>>> print(open('work_7.cif').read())   # mmCIF, C-alpha atoms
data_my_file
#
loop_
_atom_site.group_PDB
_atom_site.id
_atom_site.type_symbol
_atom_site.label_atom_id
_atom_site.label_comp_id
_atom_site.auth_asym_id
_atom_site.auth_seq_id
_atom_site.Cartn_x
_atom_site.Cartn_y
_atom_site.Cartn_z
ATOM 1 C CA MET A 8 -95.818 106.560 -15.628
ATOM 2 C CA LEU A 9 -92.552 105.262 -17.002
ATOM 3 C CA LYS A 10 -92.063 105.831 -20.726
ATOM 4 C CA LEU A 11 -92.142 102.576 -22.669
ATOM 5 C CA GLN A 12 -88.805 101.229 -23.860
ATOM 6 C CA SER A 13 -88.204 99.100 -26.975
ATOM 7 C CA ALA A 14 -89.857 95.701 -26.704
ATOM 8 C CA ASN A 15 -87.116 93.112 -26.799
ATOM 9 C CA TRP A 16 -87.225 89.919 -24.792
ATOM 10 C CA LEU A 17 -84.698 91.129 -22.220
ATOM 11 C CA SER A 18 -86.627 94.295 -21.364
ATOM 12 C CA LEU A 19 -87.486 93.361 -17.795
ATOM 13 C CA LYS A 20 -86.126 96.774 -16.806
ATOM 14 C CA ILE A 21 -89.550 98.332 -17.312
ATOM 15 C CA ALA A 22 -91.280 95.879 -15.009
ATOM 16 C CA ILE A 23 -88.604 96.146 -12.304
ATOM 17 C CA ILE A 24 -88.687 99.954 -12.236
ATOM 18 C CA GLU A 25 -92.476 100.044 -12.253
ATOM 19 C CA MET A 26 -92.649 97.558 -9.393
ATOM 20 C CA LYS A 27 -90.296 99.756 -7.366
ATOM 21 C CA LYS A 28 -92.480 102.793 -8.003
ATOM 22 C CA ASN A 29 -95.695 100.895 -7.204
ATOM 23 C CA PRO A 30 -95.331 98.050 -4.694
ATOM 24 C CA SER A 31 -97.209 94.936 -5.642
ATOM 25 C CA GLU A 32 -100.013 95.413 -3.117
ATOM 26 C CA ASP A 33 -101.171 98.460 -5.084
ATOM 27 C CA PHE A 34 -102.771 96.230 -7.705
ATOM 28 C CA TYR A 35 -105.456 94.970 -5.368
ATOM 29 C CA LYS A 36 -106.047 98.465 -3.942
ATOM 30 C CA GLN A 37 -106.413 99.916 -7.449
ATOM 31 C CA THR A 38 -108.922 97.312 -8.547
ATOM 32 C CA LYS A 39 -110.917 96.990 -5.328
ATOM 33 C CA ALA A 40 -113.280 99.739 -6.460
ATOM 34 C CA LEU A 41 -114.318 97.567 -9.401
ATOM 35 C CA LEU A 42 -115.691 94.736 -7.263
ATOM 36 C CA PRO A 43 -119.215 93.569 -8.104
ATOM 37 C CA SER A 44 -121.753 94.294 -5.384
ATOM 38 C CA GLY A 45 -122.737 91.690 -2.822
ATOM 39 C CA ILE A 46 -119.430 89.846 -2.717
ATOM 40 C CA GLY A 47 -118.535 88.286 0.606
ATOM 41 C CA GLY A 48 -117.267 84.996 1.929
ATOM 42 C CA GLU A 49 -114.133 84.296 -0.065
ATOM 43 C CA ILE A 50 -113.218 87.814 -1.205
ATOM 44 C CA GLY A 51 -109.460 88.151 -1.421
ATOM 45 C CA HIS A 52 -109.184 84.553 -2.654
ATOM 46 C CA PHE A 53 -110.847 85.065 -6.039
ATOM 47 C CA ASN A 54 -112.021 87.982 -8.138
ATOM 48 C CA VAL A 55 -112.555 88.822 -11.790
ATOM 49 C CA PHE A 56 -112.316 92.162 -13.603
ATOM 50 C CA ASN A 57 -113.221 93.631 -16.969
ATOM 51 C CA ILE A 58 -110.090 95.033 -18.630
ATOM 52 C CA GLU A 59 -111.987 97.731 -20.541
ATOM 53 C CA GLU A 60 -113.333 99.060 -17.224
ATOM 54 C CA MET A 61 -109.879 98.898 -15.624
ATOM 55 C CA VAL A 62 -108.323 100.923 -18.447
ATOM 56 C CA ALA A 63 -111.189 103.451 -18.304
ATOM 57 C CA LYS A 64 -110.698 103.821 -14.538
ATOM 58 C CA ASN A 65 -107.063 104.600 -15.227
ATOM 59 C CA LYS A 66 -108.187 107.535 -17.407
ATOM 60 C CA GLY A 67 -106.566 106.402 -20.613
ATOM 61 C CA LYS A 68 -103.066 105.999 -19.192
ATOM 62 C CA LYS A 69 -101.027 102.925 -19.912
ATOM 63 C CA TYR A 70 -101.941 100.345 -17.323
ATOM 64 C CA VAL A 71 -99.478 97.896 -15.849
ATOM 65 C CA LEU A 72 -100.848 94.914 -13.981
ATOM 66 C CA HIS A 73 -98.079 94.398 -11.488
ATOM 67 C CA ASN A 74 -96.405 91.383 -10.135
ATOM 68 C CA ASN A 75 -98.190 90.319 -6.960
ATOM 69 C CA ARG A 76 -96.681 88.107 -4.321
ATOM 70 C CA ILE A 77 -99.999 86.466 -3.446
ATOM 71 C CA PHE A 78 -102.161 86.046 -6.511
ATOM 72 C CA TYR A 79 -102.209 83.751 -9.487
ATOM 73 C CA LYS A 80 -103.660 85.485 -12.560
ATOM 74 C CA ILE A 81 -105.342 84.429 -15.775
ATOM 75 C CA ALA A 82 -106.094 87.086 -18.386
ATOM 76 C CA LEU A 83 -107.768 87.215 -21.765
ATOM 77 C CA LYS A 84 -106.227 90.180 -23.599
ATOM 78 C CA LYS A 85 -107.906 91.709 -26.638
ATOM 79 C CA GLY A 86 -105.749 94.408 -28.168
ATOM 80 C CA PRO A 87 -102.021 95.009 -28.749
ATOM 81 C CA ASN A 88 -100.046 94.514 -25.543
ATOM 82 C CA LEU A 89 -96.537 94.010 -24.248
ATOM 83 C CA ILE A 90 -96.504 91.064 -21.829
ATOM 84 C CA GLN A 91 -93.414 90.945 -19.605
ATOM 85 C CA PHE A 92 -92.135 88.132 -17.465
ATOM 86 C CA VAL A 93 -88.950 88.558 -15.452
ATOM 87 C CA ASP A 94 -86.640 87.387 -18.226
ATOM 88 C CA LYS A 95 -88.805 87.371 -21.360
ATOM 89 C CA SER A 96 -91.276 89.653 -23.149
ATOM 90 C CA PHE A 97 -94.042 89.001 -25.693
ATOM 91 C CA ASP A 98 -95.337 91.649 -28.069
ATOM 92 C CA ILE A 99 -98.856 90.425 -28.814
ATOM 93 C CA LYS A 100 -101.207 91.710 -31.491
ATOM 94 C CA THR A 101 -104.172 89.326 -31.371
ATOM 95 C CA ASP A 102 -106.428 87.834 -28.702
ATOM 96 C CA THR A 103 -104.198 86.100 -26.167
ATOM 97 C CA LEU A 104 -104.587 84.051 -22.993
ATOM 98 C CA VAL A 105 -101.912 84.767 -20.362
ATOM 99 C CA PHE A 106 -101.124 83.066 -17.040
ATOM 100 C CA SER A 107 -98.834 84.245 -14.241
ATOM 101 C CA THR A 108 -97.983 83.144 -10.713
ATOM 102 C CA PRO A 109 -96.325 84.637 -7.617
ATOM 103 C CA LYS A 110 -93.186 82.738 -8.627
ATOM 104 C CA MET A 111 -93.350 83.701 -12.302
ATOM 105 C CA PRO A 112 -94.890 87.187 -12.171
ATOM 106 C CA SER A 113 -95.834 89.180 -15.238
ATOM 107 C CA SER A 114 -96.918 92.688 -16.089
ATOM 108 C CA TRP A 115 -98.730 94.030 -19.126
ATOM 109 C CA ILE A 116 -98.522 97.357 -20.877
ATOM 110 C CA PRO A 117 -101.292 98.172 -23.371
ATOM 111 C CA GLN A 118 -99.973 99.391 -26.716
ATOM 112 C CA SER A 119 -103.209 101.148 -27.684
ATOM 113 C CA ALA A 120 -106.272 102.665 -26.021
ATOM 114 C CA ASP A 121 -108.496 99.939 -27.474
ATOM 115 C CA GLN A 122 -108.308 97.291 -24.762
ATOM 116 C CA LYS A 123 -110.860 94.609 -23.994
ATOM 117 C CA GLY A 124 -110.893 91.299 -22.191
ATOM 118 C CA HIS A 125 -110.876 89.993 -18.649
ATOM 119 C CA VAL A 126 -108.473 89.173 -15.830
ATOM 120 C CA CYS A 127 -109.081 87.046 -12.754
ATOM 121 C CA ILE A 128 -106.944 86.683 -9.642
ATOM 122 C CA PHE A 129 -106.949 83.908 -7.050
ATOM 123 C CA THR A 130 -104.784 82.268 -4.414
ATOM 124 C CA ASP A 131 -103.715 78.668 -4.123
ATOM 125 C CA GLU A 132 -105.815 78.428 -0.952
ATOM 126 C CA PHE A 133 -108.890 79.094 -3.085
ATOM 127 C CA PHE A 134 -108.416 75.540 -4.360
ATOM 128 C CA MET A 135 -106.592 73.818 -1.517
ATOM 129 C CA LYS A 136 -108.840 74.750 1.389
ATOM 130 C CA ASN A 137 -111.823 73.143 -0.319
ATOM 131 C CA ASN A 138 -110.147 69.728 -0.508
ATOM 132 C CA THR A 139 -110.021 69.672 -4.288
ATOM 133 C CA GLY A 140 -106.644 67.977 -4.216
ATOM 134 C CA ILE A 141 -105.374 70.560 -6.730
ATOM 135 C CA ILE A 142 -101.959 72.109 -6.058
ATOM 136 C CA LEU A 143 -101.574 74.903 -8.566
ATOM 137 C CA ASP A 144 -97.769 74.798 -8.708
ATOM 138 C CA HIS A 145 -97.967 71.146 -9.778
ATOM 139 C CA LEU A 146 -100.036 71.976 -12.852
ATOM 140 C CA PRO A 147 -97.947 72.230 -16.059
ATOM 141 C CA VAL A 148 -99.248 75.677 -16.967
ATOM 142 C CA PHE A 149 -97.982 77.123 -13.642
ATOM 143 C CA LYS A 150 -94.555 75.491 -13.519
ATOM 144 C CA VAL A 151 -91.381 77.594 -13.414
ATOM 145 C CA GLY A 152 -89.747 77.721 -16.849
ATOM 146 C CA ILE A 153 -93.075 77.824 -18.694
ATOM 147 C CA TYR A 154 -94.111 81.025 -20.456
ATOM 148 C CA PRO A 155 -97.887 80.501 -20.701
ATOM 149 C CA VAL A 156 -98.818 83.013 -23.412
ATOM 150 C CA PHE A 157 -101.303 81.512 -25.865
ATOM 151 C CA THR A 158 -102.439 83.175 -29.088
ATOM 152 C CA LEU A 159 -106.087 82.352 -29.720
ATOM 153 C CA SER A 160 -108.062 81.787 -32.891
ATOM 154 C CA GLN A 161 -111.371 83.629 -33.193
ATOM 155 C CA GLU A 162 -113.266 80.495 -32.198
ATOM 156 C CA GLU A 163 -111.002 79.868 -29.196
ATOM 157 C CA SER A 164 -111.326 83.486 -28.100
ATOM 158 C CA VAL A 165 -115.123 83.205 -28.124
ATOM 159 C CA THR A 166 -114.919 80.057 -25.976
ATOM 160 C CA ILE A 167 -112.591 81.602 -23.390
ATOM 161 C CA ASN A 168 -114.528 84.871 -23.367
ATOM 162 C CA GLN A 169 -117.707 82.954 -22.483
ATOM 163 C CA LEU A 170 -115.963 81.241 -19.564
ATOM 164 C CA PHE A 171 -114.913 84.642 -18.214
ATOM 165 C CA LEU A 172 -118.473 85.919 -18.637
ATOM 166 C CA ASN A 173 -119.576 82.927 -16.588
ATOM 167 C CA LEU A 174 -117.108 83.945 -13.871
ATOM 168 C CA HIS A 175 -118.490 87.493 -13.829
ATOM 169 C CA SER A 176 -122.025 86.173 -13.623
ATOM 170 C CA GLU A 177 -121.380 83.716 -10.794
ATOM 171 C CA ILE A 178 -119.329 85.988 -8.547
ATOM 172 C CA GLY A 179 -122.218 88.430 -8.483
ATOM 173 C CA SER A 180 -124.827 85.736 -7.844
ATOM 174 C CA ASP A 181 -126.315 84.537 -4.556
ATOM 175 C CA TYR A 182 -125.965 80.862 -5.453
ATOM 176 C CA ALA A 183 -124.792 79.031 -2.318
ATOM 177 C CA PHE A 184 -122.213 76.936 -4.205
ATOM 178 C CA LYS A 185 -121.025 79.622 -6.589
ATOM 179 C CA TYR A 186 -117.362 79.263 -5.632
ATOM 180 C CA ASP A 187 -117.406 75.570 -6.478
ATOM 181 C CA LEU A 188 -118.798 76.507 -9.879
ATOM 182 C CA ILE A 189 -116.176 79.238 -10.264
ATOM 183 C CA ARG A 190 -113.418 76.699 -9.588
ATOM 184 C CA ASN A 191 -114.873 74.504 -12.320
ATOM 185 C CA TYR A 192 -114.823 77.381 -14.822
ATOM 186 C CA LEU A 193 -111.226 78.175 -13.854
ATOM 187 C CA MET A 194 -110.202 74.561 -14.384
ATOM 188 C CA GLU A 195 -111.827 74.615 -17.825
ATOM 189 C CA ILE A 196 -109.609 77.564 -18.757
ATOM 190 C CA ILE A 197 -106.534 75.895 -17.236
ATOM 191 C CA HIS A 198 -107.133 72.606 -19.058
ATOM 192 C CA PHE A 199 -107.710 74.480 -22.318
ATOM 193 C CA ALA A 200 -104.277 76.104 -21.928
ATOM 194 C CA GLN A 201 -102.561 72.878 -20.918
ATOM 195 C CA LYS A 202 -103.880 71.100 -24.002
ATOM 196 C CA LYS A 203 -102.392 73.878 -26.138
ATOM 197 C CA LEU A 204 -99.161 73.690 -24.142
ATOM 198 C CA SER A 205 -98.777 69.977 -24.741
ATOM 199 C CA SER A 206 -99.468 70.373 -28.448
ATOM 200 C CA THR A 207 -97.103 73.300 -29.069
ATOM 201 C CA GLY A 208 -94.503 73.665 -26.306
ATOM 202 C CA LEU A 209 -93.774 77.064 -27.815
ATOM 203 C CA TYR A 210 -92.826 78.859 -24.639
ATOM 204 C CA THR A 211 -90.925 76.247 -22.677
ATOM 205 C CA SER A 212 -87.381 76.971 -21.582
ATOM 206 C CA ASN A 213 -85.575 73.624 -21.598
ATOM 207 C CA ASP A 214 -81.940 74.679 -21.526
ATOM 208 C CA ALA A 215 -80.003 74.435 -18.265
ATOM 209 C CA SER A 216 -79.325 78.165 -18.057
ATOM 210 C CA SER A 217 -83.011 79.045 -18.263
ATOM 211 C CA ARG A 218 -83.797 76.505 -15.571
ATOM 212 C CA ILE A 219 -81.190 78.072 -13.285
ATOM 213 C CA VAL A 220 -82.746 81.506 -13.846
ATOM 214 C CA GLY A 221 -86.177 80.080 -13.057
ATOM 215 C CA PHE A 222 -84.958 78.374 -9.872
ATOM 216 C CA PHE A 223 -83.158 81.552 -8.795
ATOM 217 C CA ILE A 224 -86.304 83.668 -9.237
ATOM 218 C CA GLU A 225 -88.405 81.093 -7.393
ATOM 219 C CA THR A 226 -85.907 80.926 -4.511
ATOM 220 C CA LEU A 227 -85.743 84.724 -4.318
ATOM 221 C CA GLU A 228 -89.526 85.041 -4.099
ATOM 222 C CA ARG A 229 -89.717 82.389 -1.373
ATOM 223 C CA GLU A 230 -87.807 84.748 0.924
ATOM 224 C CA PHE A 231 -90.803 87.091 0.887
ATOM 225 C CA PRO A 232 -93.080 88.486 2.201
ATOM 226 C CA ILE A 233 -91.628 89.605 5.523
ATOM 227 C CA GLU A 234 -94.584 89.237 7.881
ATOM 228 C CA SER A 235 -93.064 89.855 11.307
ATOM 229 C CA PRO A 236 -90.259 92.043 12.728
ATOM 230 C CA ILE A 237 -88.652 88.894 14.116
ATOM 231 C CA GLN A 238 -88.557 87.287 10.661
ATOM 232 C CA ARG A 239 -85.297 87.828 8.805
ATOM 233 C CA LEU A 240 -84.023 87.202 5.311
ATOM 234 C CA SER A 241 -81.757 84.170 5.232
ATOM 235 C CA LEU A 242 -80.331 84.707 1.731
ATOM 236 C CA LEU A 243 -78.665 88.079 1.193
ATOM 237 C CA SER A 244 -75.990 87.700 -1.467
ATOM 238 C CA ALA A 245 -75.311 86.069 -4.807
ATOM 239 C CA LYS A 246 -73.093 83.552 -2.999
ATOM 240 C CA ASP A 247 -75.962 82.636 -0.646
ATOM 241 C CA TYR A 248 -78.239 81.904 -3.598
ATOM 242 C CA ALA A 249 -75.531 80.004 -5.454
ATOM 243 C CA ASN A 250 -75.006 77.759 -2.423
ATOM 244 C CA LYS A 251 -78.759 77.217 -2.150
ATOM 245 C CA LEU A 252 -78.969 76.243 -5.824
ATOM 246 C CA SER A 253 -75.769 74.124 -5.636
ATOM 247 C CA VAL A 254 -73.986 76.057 -8.387
ATOM 248 C CA HIS A 255 -70.809 78.118 -8.350
ATOM 249 C CA VAL A 256 -71.456 81.802 -7.750
ATOM 250 C CA ASN A 257 -69.527 82.770 -10.885
ATOM 251 C CA HIS A 258 -71.709 80.470 -12.982
ATOM 252 C CA LEU A 259 -74.884 81.853 -11.417
ATOM 253 C CA ASN A 260 -73.773 85.418 -12.083
ATOM 254 C CA MET A 261 -72.850 84.605 -15.677
ATOM 255 C CA VAL A 262 -76.174 82.858 -16.393
ATOM 256 C CA ILE A 263 -78.307 85.605 -14.817
ATOM 257 C CA LYS A 264 -76.438 88.315 -16.700
ATOM 258 C CA ASP A 265 -76.577 86.426 -19.992
ATOM 259 C CA LYS A 266 -80.302 85.630 -19.792
ATOM 260 C CA THR A 267 -81.615 88.879 -18.294
ATOM 261 C CA GLY A 268 -79.050 91.618 -18.837
ATOM 262 C CA ARG A 269 -78.957 92.279 -15.085
ATOM 263 C CA THR A 270 -76.680 91.059 -12.332
ATOM 264 C CA THR A 271 -77.704 88.688 -9.556
ATOM 265 C CA THR A 272 -77.074 91.443 -7.022
ATOM 266 C CA GLU A 273 -79.343 93.840 -8.914
ATOM 267 C CA PHE A 274 -82.152 91.285 -8.710
ATOM 268 C CA ILE A 275 -81.633 90.740 -4.969
ATOM 269 C CA ASN A 276 -81.309 94.433 -4.135
ATOM 270 C CA GLY A 277 -84.328 95.323 -6.257
ATOM 271 C CA ARG A 278 -86.507 92.802 -4.432
ATOM 272 C CA ILE A 279 -85.266 94.011 -1.023
ATOM 273 C CA ILE A 280 -86.077 97.605 -1.987
ATOM 274 C CA ASP A 281 -89.543 96.534 -3.144
ATOM 275 C CA GLU A 282 -90.174 94.850 0.219
ATOM 276 C CA ALA A 283 -88.763 97.815 2.138
ATOM 277 C CA LYS A 284 -91.211 100.138 0.378
ATOM 278 C CA ILE A 285 -94.142 97.882 1.233
ATOM 279 C CA LEU A 286 -93.134 97.718 4.896
ATOM 280 C CA LEU A 287 -92.502 101.458 5.152
ATOM 281 C CA LYS A 288 -95.873 102.280 3.596
ATOM 282 C CA ASN A 289 -98.062 99.560 5.073
ATOM 283 C CA SER A 290 -96.667 98.697 8.506
ATOM 284 C CA ASN A 291 -96.119 100.572 11.752
ATOM 285 C CA TRP A 292 -92.773 98.888 12.367
ATOM 286 C CA GLN A 293 -89.849 100.970 13.493
ATOM 287 C CA ILE A 294 -87.324 101.623 10.738
ATOM 288 C CA SER A 295 -84.774 99.732 12.838
ATOM 289 C CA GLU A 296 -87.094 96.691 12.819
ATOM 290 C CA ILE A 297 -87.486 96.881 9.041
ATOM 291 C CA ALA A 298 -83.721 97.193 8.641
ATOM 292 C CA TYR A 299 -83.121 94.132 10.812
ATOM 293 C CA SER A 300 -85.742 92.008 9.052
ATOM 294 C CA LEU A 301 -84.168 92.812 5.678
ATOM 295 C CA GLY A 302 -80.738 91.682 6.830
ATOM 296 C CA PHE A 303 -79.062 94.938 7.913
ATOM 297 C CA GLU A 304 -77.153 94.962 11.187
ATOM 298 C CA GLU A 305 -77.139 98.769 11.397
ATOM 299 C CA VAL A 306 -79.956 101.197 10.610
ATOM 300 C CA SER A 307 -77.441 103.520 8.987
ATOM 301 C CA HIS A 308 -76.471 100.786 6.508
ATOM 302 C CA PHE A 309 -80.118 100.277 5.579
ATOM 303 C CA SER A 310 -80.688 104.037 5.243
ATOM 304 C CA ASN A 311 -77.692 104.421 2.935
ATOM 305 C CA PHE A 312 -78.786 101.398 0.868
ATOM 306 C CA PHE A 313 -82.367 102.671 0.560
ATOM 307 C CA LYS A 314 -81.308 106.199 -0.376
ATOM 308 C CA LYS A 315 -78.822 104.943 -2.959
ATOM 309 C CA ASN A 316 -81.583 102.978 -4.689
ATOM 310 C CA THR A 317 -84.509 105.402 -4.346
ATOM 311 C CA SER A 318 -83.009 108.876 -3.749
ATOM 312 C CA PHE A 319 -85.061 109.055 -0.514
ATOM 313 C CA SER A 320 -84.240 108.239 3.082
ATOM 314 C CA PRO A 321 -86.559 105.629 4.638
ATOM 315 C CA SER A 322 -88.176 108.226 6.901
ATOM 316 C CA THR A 323 -88.785 110.642 4.011
ATOM 317 C CA PHE A 324 -90.294 107.868 1.882
ATOM 318 C CA ARG A 325 -92.613 106.845 4.727
ATOM 319 C CA LYS A 326 -93.860 110.435 5.128
#
>>> encode(input="work_7.cif", output="structure tokens")
Amino acid sequence: MLKLQSANWLSLKIAIIEMKKNPSEDFYKQTKALLPSGIGGEIGHFNVFNIEEMVAKNKGKKYVLHNNRIFYKIALKKGPNLIQFVDKSFDIKTDTLVFSTPKMPSSWIPQSADQKGHVCIFTDEFFMKNNTGIILDHLPVFKVGIYPVFTLSQEESVTINQLFLNLHSEIGSDYAFKYDLIRNYLMEIIHFAQKKLSSTGLYTSNDASSRIVGFFIETLEREFPIESPIQRLSLLSAKDYANKLSVHVNHLNMVIKDKTGRTTTEFINGRIIDEAKILLKNSNWQISEIAYSLGFEEVSHFSNFFKKNTSFSPSTFRK
């Protein structure tokens, strides 16, 4: 496990390196063993976990809940933690409610062994396919540029904790309409957070530079996942993203560097490497097919790129 660096708001380096070492799909594999018994039907669309059990399963090591390209997450954290978004970090000491999305991923690193709370994961289809009319990305708490990290009073923590206990109870029940009830509990938590958001606005990035960073990250994530060998990345360079965002490439590079401490190219290359690892580990595609889908005309160019960024050749990493 990567040694923790100092917790300043530009320390996305930890999250990026950890994501490269553990592709995002690992989160669901790691937590699958914690599923309550008797779950069927909509598994993969919603689940809820006890953080104390997750930390215990990890044998006391620092646990990072990784960015995932599918799931939305809501977590109630009890204990000191470092919460990291792509371009901002929060060092929290008290009970806190945290939201993250596939477009605004977050990771968390416990700062002590005493960790309690809950985390639930769900997809947008969990709401949309049941004709609720709810589009998660349209809700204020899930919009790009919002940092939904809410410190809770003792009374608020008790309220949110009870809603999570309700989620645990229902997912293990045999009630025929339990998922409808689960959606209601989730919306209670979401509306609680949005009321706090409207009253405080503490974590909103309103300046133009922050909006550009948010739009860049969102556009980058929309290029993934690669789901077929005939699919190919359409945006490969900083200039491609600048054109997509209708800004000059020099301005984009300056803003990304200023806000995050990393270059635009480092972001793009890091995400391509992350996807390459997932495809090498979890697909039976030929390396030439992976190279093509990630925008490389020659396999040798992909091999050199992968080795430069990981110290392994693609074939060695796959083995």
>>> resolve_selection(input="work_7.cif", expression="the PyMOL selection byres ((chain A and resi 280) around 9)", output="list in words")
Lys27, Ile275, Asn276, Gly277, Arg278, Ile279, Asp281, Glu282, Ala283, Lys284, Ile285, Phe312, Phe313, Asn316 and Thr317 of chain A
>>> residues_around(input="work_7.cif", residues="A:Thr270", least_positions_apart="4", cutoff="12 Å", atoms="all atoms listed in the file", output="MDAnalysis selection string")
chainID A and resid 20 220 244:245 256:266 274:277
>>> residues_around(input="work_7.cif", residues="stretch 187-196 of chain A", least_positions_apart="4", cutoff="10 Å", atoms="all atoms listed in the file", output="PyMOL selection string")
chain A and resi 53-54+81+104+127+129+133-134+137+139+141+166-171+173-178+182-183+200-201
>>> residues_around(input="work_7.cif", residues="A:Ile237", least_positions_apart="6", cutoff="10 Å", atoms="all atoms listed in the file", output="mmCIF file with C-alpha atoms, in the coordinates of the input")
data_model
loop_
_atom_site.group_PDB
_atom_site.id
_atom_site.type_symbol
_atom_site.label_atom_id
_atom_site.label_comp_id
_atom_site.auth_asym_id
_atom_site.auth_seq_id
_atom_site.Cartn_x
_atom_site.Cartn_y
_atom_site.Cartn_z
ATOM 1 C CA GLU A 296 -87.094 96.691 12.819
ATOM 2 C CA ILE A 297 -87.486 96.881 9.041
ATOM 3 C CA TYR A 299 -83.121 94.132 10.812
ATOM 4 C CA SER A 300 -85.742 92.008 9.052
#
>>> resolve_selection(input="work_7.cif", expression="the PyMOL selection byres ((chain A and resi 88) around 6)", output="ChimeraX atom specification")
/A:87,89,99,116-118
>>> atom_distance(input="work_7.cif", atom1="atom CA of A:Ser180", atom2="atom CA of A:Ile128")
18.0 Å
>>> closest_residue(input="work_7.cif", among="A:Leu159, A:Ile224, A:Leu172, A:Val62", to="A:Lys110", atoms="all atoms listed in the file")
A:Ile224
>>> residues_around(input="work_7.cif", residues="A:Glu234", least_positions_apart="3", cutoff="10 Å", atoms="all atoms listed in the file", output="list in words")
Phe231, Ile237, Gln238, Arg239, Leu286, Ser290 and Ser300 of chain A
>>> axis_aligned_box(input="work_7.cif", around="stretch 148-157 of chain A", padding_each_side="8 Å", output="JSON")
{"center_x": -95.5, "center_y": 79.3, "center_z": -19.6, "size_x": 27.6, "size_y": 23.5, "size_z": 28.5}
>>> resolve_selection(input="work_7.cif", expression="the PyMOL selection byres ((chain A and resi 102) around 10)", output="PyMOL selection string")
chain A and resi 83-88+99-101+103-105+123-124+157-161+163-165
>>> closest_residue(input="work_7.cif", among="A:Pro155, A:Gly221, A:Pro109, A:Pro232", to="A:Ser96", atoms="all atoms listed in the file")
A:Pro155
>>> atom_distance(input="work_7.cif", atom1="atom CA of A:Leu287", atom2="atom CA of A:Ser320")
10.9 Å
>>> atom_distance(input="work_7.cif", atom1="atom CA of A:Gly302", atom2="atom CA of A:Leu240")
5.8 Å
>>> residues_near_point(input="work_7.cif", point="(-79.0, 77.4, 2.3)", cutoff="12 Å", atoms="all atoms listed in the file", output="list in words")
Thr226, Leu227, Glu230, Leu240, Ser241, Leu242, Leu243, Ser244, Ala245, Lys246, Asp247, Tyr248, Ala249, Asn250, Lys251, Leu252, Ser253 and Val254 of chain A
>>> closest_residue(input="work_7.cif", among="A:Phe97, A:Tyr186, A:Trp292, A:Phe199", to="A:Tyr154", atoms="all atoms listed in the file")
A:Phe97
>>> closest_residue(input="work_7.cif", among="A:Lys95, A:His145, A:Lys80, A:His52", to="A:Ser217", atoms="all atoms listed in the file")
A:Lys95
